[in-house]
Amino acid sequence: MKWTMYQVLTILSLIILLFFVDVADVPISVAPGNDGMAFILMLLGALFILGVTGCAYLLLMLQLQKKPDLFQARFWKSAPILLIIIGIVSITVYLMLGMSGSLFEWVDEQRWIMYGMIVYFIWLFYFWIVSIVNRQTRDKQKVPGYSLGIGVVVLLIIIYMI
């Protein structure tokens with residue numbers, strides 16, 4: 001019961017993080033020549049990615065406390081392929097909604113939908129990394145930590161190199 005309460009607190013922390021991001025209304029674009037603001041936005045973006053991925057990490061670590069043999073389940077053997085299929089379907093639905101214009105209308109009216117989608121895709125990527133690291137690591141207690149480091153670094157490289 002104790003670990004479940006910690007998991008609830010982790011989810012509440014994520015909701016609070018998303019609430020503050022929504023209330024702060026940080027601009028996404030920066031005027032040319034404003035390098036100081038660009039650096040601050042990059043730092044805030046990195047902290048957001050770390051916070052969202054860190055919540056997934058905490059949820060997974062707390063679940064490992066409740067069920068130490070979590071990574072022995074059959075699900076993890078097929079998880080990389082399954083998560084890739086879910087990711088492809090999710091991206092396809094996202095692009096279809098984006099091209100139809102209804103996604104922009106929903107996000108314009110309810111900005112939290114955008115944050116929910118960002119969290120969904122970050123967590124999907126993180127758990128895909130977890131499933132791959134799980135296959136390569138003998139010490140299953142270290143899987144979430146290794147995955148956190150790899151996931152955050154890869155996400156930051158992808159986002160800031162594009």
# chains A, B, ... in the order shown; residues from 1 in each chain; ligands from 1
>>> residues_around(residues="region 80-94 of chain A", least_positions_apart="3", cutoff="7 Å", atoms="only C-alpha atoms", output="PyMOL selection string")
chain A and resi 97-98+128+131-132
>>> residues_around(residues="region 134-145 of chain A", least_positions_apart="4", cutoff="7 Å", atoms="only C-alpha atoms", output="ChimeraX atom specification")
/A:57,60-61,71,130,149
>>> select_by_dssp(residues="chain A", states="alpha helix (DSSP H)", output="ChimeraX atom specification")
/A:2-24,35-66,75-100,102-109,112-136,143-161
>>> residues_around(residues="Val23 (chain A)", least_positions_apart="6", cutoff="12 Å", atoms="only C-alpha atoms", output="list in words")
Ile16, Leu17, Arg111 and Trp112 of chain A
>>> write_last_selection(atoms="N, CA, C and O atoms", output="mmCIF file, in the first residue's frame")
data_model
loop_
_atom_site.group_PDB
_atom_site.id
_atom_site.type_symbol
_atom_site.label_atom_id
_atom_site.label_comp_id
_atom_site.auth_asym_id
_atom_site.auth_seq_id
_atom_site.Cartn_x
_atom_site.Cartn_y
_atom_site.Cartn_z
ATOM 1 N N ILE A 16 0.892 18.284 -11.532
ATOM 2 C CA ILE A 16 1.299 19.622 -11.083
ATOM 3 C C ILE A 16 2.318 20.217 -12.047
ATOM 4 O O ILE A 16 2.240 21.403 -12.398
ATOM 5 N N LEU A 17 3.282 19.408 -12.504
ATOM 6 C CA LEU A 17 4.261 19.878 -13.485
ATOM 7 C C LEU A 17 3.565 20.359 -14.753
ATOM 8 O O LEU A 17 3.853 21.450 -15.261
ATOM 9 N N ARG A 111 -5.554 23.268 -24.198
ATOM 10 C CA ARG A 111 -4.110 23.104 -24.370
ATOM 11 C C ARG A 111 -3.572 21.860 -23.662
ATOM 12 O O ARG A 111 -2.542 21.316 -24.047
ATOM 13 N N TRP A 112 -4.258 21.365 -22.651
ATOM 14 C CA TRP A 112 -3.796 20.200 -21.906
ATOM 15 C C TRP A 112 -3.736 18.956 -22.787
ATOM 16 O O TRP A 112 -2.987 18.020 -22.496
#
>>> closest_residue(among="A:Val8, A:Leu14, A:Ile49, A:Leu43", to="Val153 (chain A)", atoms="only C-alpha atoms")
A:Ile49
>>> closest_residue(among="A:Leu47, A:Met1, A:Ile15, A:Leu58", to="Val152 (chain A)", atoms="only C-alpha atoms")
A:Leu47
>>> closest_atom_pairs(of="region 15-93 of chain A", to="region 113-127 of chain A", cutoff="7 Å", atoms="only C-alpha atoms", output="CSV")
residue,atom,partner,partner_atom,distance
A:Leu18,CA,A:Tyr115,CA,6.9
A:Val52,CA,A:Val119,CA,6.6
A:Thr53,CA,A:Trp123,CA,6.7
A:Ala56,CA,A:Trp123,CA,6.6
>>> residues_around(residues="Leu62 (chain A)", least_positions_apart="2", cutoff="8 Å", atoms="only C-alpha atoms", output="VMD selection string")
chain A and resid 3 to 4 6 to 7 58 to 60 64 to 66
>>> write_last_selection(atoms="N, CA, C and O atoms", output="short mmCIF file (atom, residue, chain, number, x, y, z; two decimals), in the first residue's frame")
data_model
loop_
_atom_site.label_atom_id
_atom_site.label_comp_id
_atom_site.auth_asym_id
_atom_site.auth_seq_id
_atom_site.Cartn_x
_atom_site.Cartn_y
_atom_site.Cartn_z
N TRP A 3 3.80 1.71 -1.41
CA TRP A 3 4.34 1.98 -2.74
C TRP A 3 3.27 2.52 -3.67
O TRP A 3 3.56 3.36 -4.54
N THR A 4 2.05 2.07 -3.50
CA THR A 4 0.95 2.57 -4.32
C THR A 4 0.71 4.05 -4.02
O THR A 4 0.46 4.85 -4.93
N TYR A 6 2.95 6.17 -3.02
CA TYR A 6 4.05 6.89 -3.66
C TYR A 6 3.82 7.02 -5.16
O TYR A 6 4.16 8.05 -5.76
N GLN A 7 3.23 6.00 -5.76
CA GLN A 7 2.90 6.08 -7.18
C GLN A 7 1.84 7.15 -7.44
O GLN A 7 1.92 7.90 -8.42
N LEU A 58 10.18 6.82 -11.83
CA LEU A 58 9.72 6.61 -10.45
C LEU A 58 8.58 5.60 -10.37
O LEU A 58 8.55 4.75 -9.49
N LEU A 59 7.63 5.72 -11.30
CA LEU A 59 6.51 4.76 -11.31
C LEU A 59 7.03 3.33 -11.51
O LEU A 59 6.56 2.40 -10.85
N LEU A 60 7.98 3.17 -12.39
CA LEU A 60 8.53 1.85 -12.66
C LEU A 60 9.34 1.33 -11.46
O LEU A 60 9.22 0.15 -11.08
N LEU A 64 8.56 -1.91 -9.16
CA LEU A 64 9.55 -2.95 -8.88
C LEU A 64 9.64 -3.25 -7.38
O LEU A 64 9.93 -4.38 -7.00
N GLN A 65 9.39 -2.26 -6.55
CA GLN A 65 9.37 -2.49 -5.11
C GLN A 65 8.20 -3.39 -4.73
O GLN A 65 8.30 -4.22 -3.83
N LYS A 66 7.07 -3.20 -5.43
CA LYS A 66 5.88 -4.01 -5.15
C LYS A 66 6.01 -5.41 -5.75
O LYS A 66 5.54 -6.38 -5.17
#
>>> atom_distance(atom1="CA of Trp106 (chain A)", atom2="CA of Asp22 (chain A)")
15.0 Å
>>> atom_distance(atom1="CA of Met42 (chain A)", atom2="CA of Tyr160 (chain A)")
8.0 Å
>>> decode(residues="region 104-140 of chain A", atoms="N, CA, C and O atoms", output="PDB file, in the first residue's frame")
ATOM      1  N   PHE A 104      -5.685  20.674 -34.259  1.00  0.00           N
ATOM      2  CA  PHE A 104      -5.350  22.061 -33.958  1.00  0.00           C
ATOM      3  C   PHE A 104      -6.498  22.767 -33.248  1.00  0.00           C
ATOM      4  O   PHE A 104      -6.272  23.590 -32.357  1.00  0.00           O
ATOM      5  N   GLU A 105      -7.727  22.437 -33.646  1.00  0.00           N
ATOM      6  CA  GLU A 105      -8.888  23.038 -32.984  1.00  0.00           C
ATOM      7  C   GLU A 105      -8.962  22.586 -31.531  1.00  0.00           C
ATOM      8  O   GLU A 105      -9.217  23.389 -30.636  1.00  0.00           O
ATOM      9  N   TRP A 106      -8.749  21.289 -31.298  1.00  0.00           N
ATOM     10  CA  TRP A 106      -8.817  20.760 -29.930  1.00  0.00           C
ATOM     11  C   TRP A 106      -7.722  21.371 -29.058  1.00  0.00           C
ATOM     12  O   TRP A 106      -7.979  21.771 -27.930  1.00  0.00           O
ATOM     13  N   VAL A 107      -6.502  21.432 -29.589  1.00  0.00           N
ATOM     14  CA  VAL A 107      -5.383  21.971 -28.811  1.00  0.00           C
ATOM     15  C   VAL A 107      -5.577  23.460 -28.568  1.00  0.00           C
ATOM     16  O   VAL A 107      -5.221  23.971 -27.502  1.00  0.00           O
ATOM     17  N   ASP A 108      -6.156  24.164 -29.534  1.00  0.00           N
ATOM     18  CA  ASP A 108      -6.402  25.590 -29.360  1.00  0.00           C
ATOM     19  C   ASP A 108      -7.412  25.837 -28.248  1.00  0.00           C
ATOM     20  O   ASP A 108      -7.275  26.784 -27.463  1.00  0.00           O
ATOM     21  N   GLU A 109      -8.418  24.974 -28.151  1.00  0.00           N
ATOM     22  CA  GLU A 109      -9.444  25.120 -27.116  1.00  0.00           C
ATOM     23  C   GLU A 109      -8.972  24.558 -25.770  1.00  0.00           C
ATOM     24  O   GLU A 109      -9.246  25.131 -24.720  1.00  0.00           O
ATOM     25  N   GLN A 110      -8.322  23.423 -25.803  1.00  0.00           N
ATOM     26  CA  GLN A 110      -7.886  22.732 -24.584  1.00  0.00           C
ATOM     27  C   GLN A 110      -6.396  22.411 -24.703  1.00  0.00           C
ATOM     28  O   GLN A 110      -6.026  21.380 -25.247  1.00  0.00           O
ATOM     29  N   ARG A 111      -5.554  23.268 -24.198  1.00  0.00           N
ATOM     30  CA  ARG A 111      -4.110  23.104 -24.370  1.00  0.00           C
ATOM     31  C   ARG A 111      -3.572  21.860 -23.662  1.00  0.00           C
ATOM     32  O   ARG A 111      -2.542  21.316 -24.047  1.00  0.00           O
ATOM     33  N   TRP A 112      -4.258  21.365 -22.651  1.00  0.00           N
ATOM     34  CA  TRP A 112      -3.796  20.200 -21.906  1.00  0.00           C
ATOM     35  C   TRP A 112      -3.736  18.956 -22.787  1.00  0.00           C
ATOM     36  O   TRP A 112      -2.987  18.020 -22.496  1.00  0.00           O
ATOM     37  N   ILE A 113      -4.495  18.946 -23.893  1.00  0.00           N
ATOM     38  CA  ILE A 113      -4.449  17.809 -24.820  1.00  0.00           C
ATOM     39  C   ILE A 113      -3.052  17.682 -25.408  1.00  0.00           C
ATOM     40  O   ILE A 113      -2.519  16.579 -25.540  1.00  0.00           O
ATOM     41  N   MET A 114      -2.439  18.810 -25.745  1.00  0.00           N
ATOM     42  CA  MET A 114      -1.091  18.789 -26.289  1.00  0.00           C
ATOM     43  C   MET A 114      -0.104  18.217 -25.272  1.00  0.00           C
ATOM     44  O   MET A 114       0.742  17.392 -25.611  1.00  0.00           O
ATOM     45  N   TYR A 115      -0.222  18.636 -24.007  1.00  0.00           N
ATOM     46  CA  TYR A 115       0.689  18.129 -22.987  1.00  0.00           C
ATOM     47  C   TYR A 115       0.459  16.635 -22.741  1.00  0.00           C
ATOM     48  O   TYR A 115       1.409  15.898 -22.513  1.00  0.00           O
ATOM     49  N   GLY A 116      -0.786  16.215 -22.801  1.00  0.00           N
ATOM     50  CA  GLY A 116      -1.083  14.790 -22.659  1.00  0.00           C
ATOM     51  C   GLY A 116      -0.438  13.977 -23.770  1.00  0.00           C
ATOM     52  O   GLY A 116       0.105  12.894 -23.527  1.00  0.00           O
ATOM     53  N   MET A 117      -0.482  14.504 -25.005  1.00  0.00           N
ATOM     54  CA  MET A 117       0.145  13.797 -26.124  1.00  0.00           C
ATOM     55  C   MET A 117       1.663  13.768 -25.978  1.00  0.00           C
ATOM     56  O   MET A 117       2.300  12.753 -26.285  1.00  0.00           O
ATOM     57  N   ILE A 118       2.242  14.862 -25.517  1.00  0.00           N
ATOM     58  CA  ILE A 118       3.694  14.902 -25.312  1.00  0.00           C
ATOM     59  C   ILE A 118       4.102  13.866 -24.270  1.00  0.00           C
ATOM     60  O   ILE A 118       5.057  13.105 -24.477  1.00  0.00           O
ATOM     61  N   VAL A 119       3.380  13.807 -23.154  1.00  0.00           N
ATOM     62  CA  VAL A 119       3.686  12.829 -22.110  1.00  0.00           C
ATOM     63  C   VAL A 119       3.514  11.412 -22.650  1.00  0.00           C
ATOM     64  O   VAL A 119       4.349  10.533 -22.403  1.00  0.00           O
ATOM     65  N   TYR A 120       2.451  11.190 -23.415  1.00  0.00           N
ATOM     66  CA  TYR A 120       2.195   9.869 -23.994  1.00  0.00           C
ATOM     67  C   TYR A 120       3.362   9.410 -24.863  1.00  0.00           C
ATOM     68  O   TYR A 120       3.865   8.294 -24.712  1.00  0.00           O
ATOM     69  N   PHE A 121       3.825  10.270 -25.766  1.00  0.00           N
ATOM     70  CA  PHE A 121       4.906   9.888 -26.666  1.00  0.00           C
ATOM     71  C   PHE A 121       6.237   9.742 -25.930  1.00  0.00           C
ATOM     72  O   PHE A 121       7.027   8.853 -26.254  1.00  0.00           O
ATOM     73  N   ILE A 122       6.504  10.592 -24.938  1.00  0.00           N
ATOM     74  CA  ILE A 122       7.731  10.446 -24.157  1.00  0.00           C
ATOM     75  C   ILE A 122       7.707   9.137 -23.379  1.00  0.00           C
ATOM     76  O   ILE A 122       8.699   8.398 -23.342  1.00  0.00           O
ATOM     77  N   TRP A 123       6.587   8.816 -22.755  1.00  0.00           N
ATOM     78  CA  TRP A 123       6.490   7.563 -21.993  1.00  0.00           C
ATOM     79  C   TRP A 123       6.552   6.349 -22.907  1.00  0.00           C
ATOM     80  O   TRP A 123       7.165   5.341 -22.555  1.00  0.00           O
ATOM     81  N   LEU A 124       5.929   6.442 -24.073  1.00  0.00           N
ATOM     82  CA  LEU A 124       6.000   5.337 -25.026  1.00  0.00           C
ATOM     83  C   LEU A 124       7.449   5.087 -25.422  1.00  0.00           C
ATOM     84  O   LEU A 124       7.908   3.940 -25.443  1.00  0.00           O
ATOM     85  N   PHE A 125       8.201   6.136 -25.701  1.00  0.00           N
ATOM     86  CA  PHE A 125       9.615   6.013 -26.038  1.00  0.00           C
ATOM     87  C   PHE A 125      10.412   5.453 -24.860  1.00  0.00           C
ATOM     88  O   PHE A 125      11.250   4.565 -25.029  1.00  0.00           O
ATOM     89  N   TYR A 126      10.142   5.958 -23.653  1.00  0.00           N
ATOM     90  CA  TYR A 126      10.864   5.487 -22.469  1.00  0.00           C
ATOM     91  C   TYR A 126      10.628   3.990 -22.241  1.00  0.00           C
ATOM     92  O   TYR A 126      11.577   3.239 -22.004  1.00  0.00           O
ATOM     93  N   PHE A 127       9.384   3.557 -22.338  1.00  0.00           N
ATOM     94  CA  PHE A 127       9.109   2.139 -22.098  1.00  0.00           C
ATOM     95  C   PHE A 127       9.640   1.260 -23.233  1.00  0.00           C
ATOM     96  O   PHE A 127       9.975   0.103 -23.009  1.00  0.00           O
ATOM     97  N   TRP A 128       9.764   1.807 -24.426  1.00  0.00           N
ATOM     98  CA  TRP A 128      10.424   1.071 -25.503  1.00  0.00           C
ATOM     99  C   TRP A 128      11.904   0.882 -25.165  1.00  0.00           C
ATOM    100  O   TRP A 128      12.439  -0.211 -25.332  1.00  0.00           O
ATOM    101  N   ILE A 129      12.548   1.942 -24.661  1.00  0.00           N
ATOM    102  CA  ILE A 129      13.941   1.839 -24.227  1.00  0.00           C
ATOM    103  C   ILE A 129      14.055   0.829 -23.085  1.00  0.00           C
ATOM    104  O   ILE A 129      14.976   0.005 -23.061  1.00  0.00           O
ATOM    105  N   VAL A 130      13.117   0.868 -22.130  1.00  0.00           N
ATOM    106  CA  VAL A 130      13.128  -0.088 -21.021  1.00  0.00           C
ATOM    107  C   VAL A 130      13.073  -1.514 -21.558  1.00  0.00           C
ATOM    108  O   VAL A 130      13.808  -2.391 -21.095  1.00  0.00           O
ATOM    109  N   SER A 131      12.212  -1.766 -22.530  1.00  0.00           N
ATOM    110  CA  SER A 131      12.070  -3.119 -23.057  1.00  0.00           C
ATOM    111  C   SER A 131      13.337  -3.595 -23.749  1.00  0.00           C
ATOM    112  O   SER A 131      13.673  -4.777 -23.689  1.00  0.00           O
ATOM    113  N   ILE A 132      14.046  -2.689 -24.393  1.00  0.00           N
ATOM    114  CA  ILE A 132      15.302  -3.068 -25.048  1.00  0.00           C
ATOM    115  C   ILE A 132      16.402  -3.289 -24.007  1.00  0.00           C
ATOM    116  O   ILE A 132      17.140  -4.277 -24.063  1.00  0.00           O
ATOM    117  N   VAL A 133      16.517  -2.377 -23.050  1.00  0.00           N
ATOM    118  CA  VAL A 133      17.542  -2.508 -22.006  1.00  0.00           C
ATOM    119  C   VAL A 133      17.287  -3.759 -21.171  1.00  0.00           C
ATOM    120  O   VAL A 133      18.229  -4.437 -20.743  1.00  0.00           O
ATOM    121  N   ASN A 134      16.028  -4.098 -20.948  1.00  0.00           N
ATOM    122  CA  ASN A 134      15.676  -5.283 -20.178  1.00  0.00           C
ATOM    123  C   ASN A 134      16.253  -6.548 -20.816  1.00  0.00           C
ATOM    124  O   ASN A 134      16.677  -7.459 -20.116  1.00  0.00           O
ATOM    125  N   ARG A 135      16.279  -6.587 -22.135  1.00  0.00           N
ATOM    126  CA  ARG A 135      16.839  -7.753 -22.838  1.00  0.00           C
ATOM    127  C   ARG A 135      18.351  -7.837 -22.687  1.00  0.00           C
ATOM    128  O   ARG A 135      18.922  -8.916 -22.764  1.00  0.00           O
ATOM    129  N   GLN A 136      19.014  -6.701 -22.491  1.00  0.00           N
ATOM    130  CA  GLN A 136      20.472  -6.651 -22.487  1.00  0.00           C
ATOM    131  C   GLN A 136      21.090  -6.693 -21.095  1.00  0.00           C
ATOM    132  O   GLN A 136      22.290  -6.911 -20.972  1.00  0.00           O
ATOM    133  N   THR A 137      20.305  -6.481 -20.058  1.00  0.00           N
ATOM    134  CA  THR A 137      20.837  -6.326 -18.703  1.00  0.00           C
ATOM    135  C   THR A 137      20.479  -7.526 -17.841  1.00  0.00           C
ATOM    136  O   THR A 137      19.331  -7.962 -17.829  1.00  0.00           O
ATOM    137  N   ARG A 138      21.463  -8.008 -17.118  1.00  0.00           N
ATOM    138  CA  ARG A 138      21.216  -9.132 -16.202  1.00  0.00           C
ATOM    139  C   ARG A 138      20.608  -8.658 -14.879  1.00  0.00           C
ATOM    140  O   ARG A 138      19.727  -9.295 -14.344  1.00  0.00           O
ATOM    141  N   ASP A 139      21.095  -7.537 -14.360  1.00  0.00           N
ATOM    142  CA  ASP A 139      20.580  -6.996 -13.104  1.00  0.00           C
ATOM    143  C   ASP A 139      19.323  -6.180 -13.401  1.00  0.00           C
ATOM    144  O   ASP A 139      19.399  -5.027 -13.818  1.00  0.00           O
ATOM    145  N   LYS A 140      18.172  -6.783 -13.181  1.00  0.00           N
ATOM    146  CA  LYS A 140      16.899  -6.167 -13.562  1.00  0.00           C
ATOM    147  C   LYS A 140      16.563  -4.929 -12.728  1.00  0.00           C
ATOM    148  O   LYS A 140      15.749  -4.118 -13.142  1.00  0.00           O
TER     149      LYS A 140
END
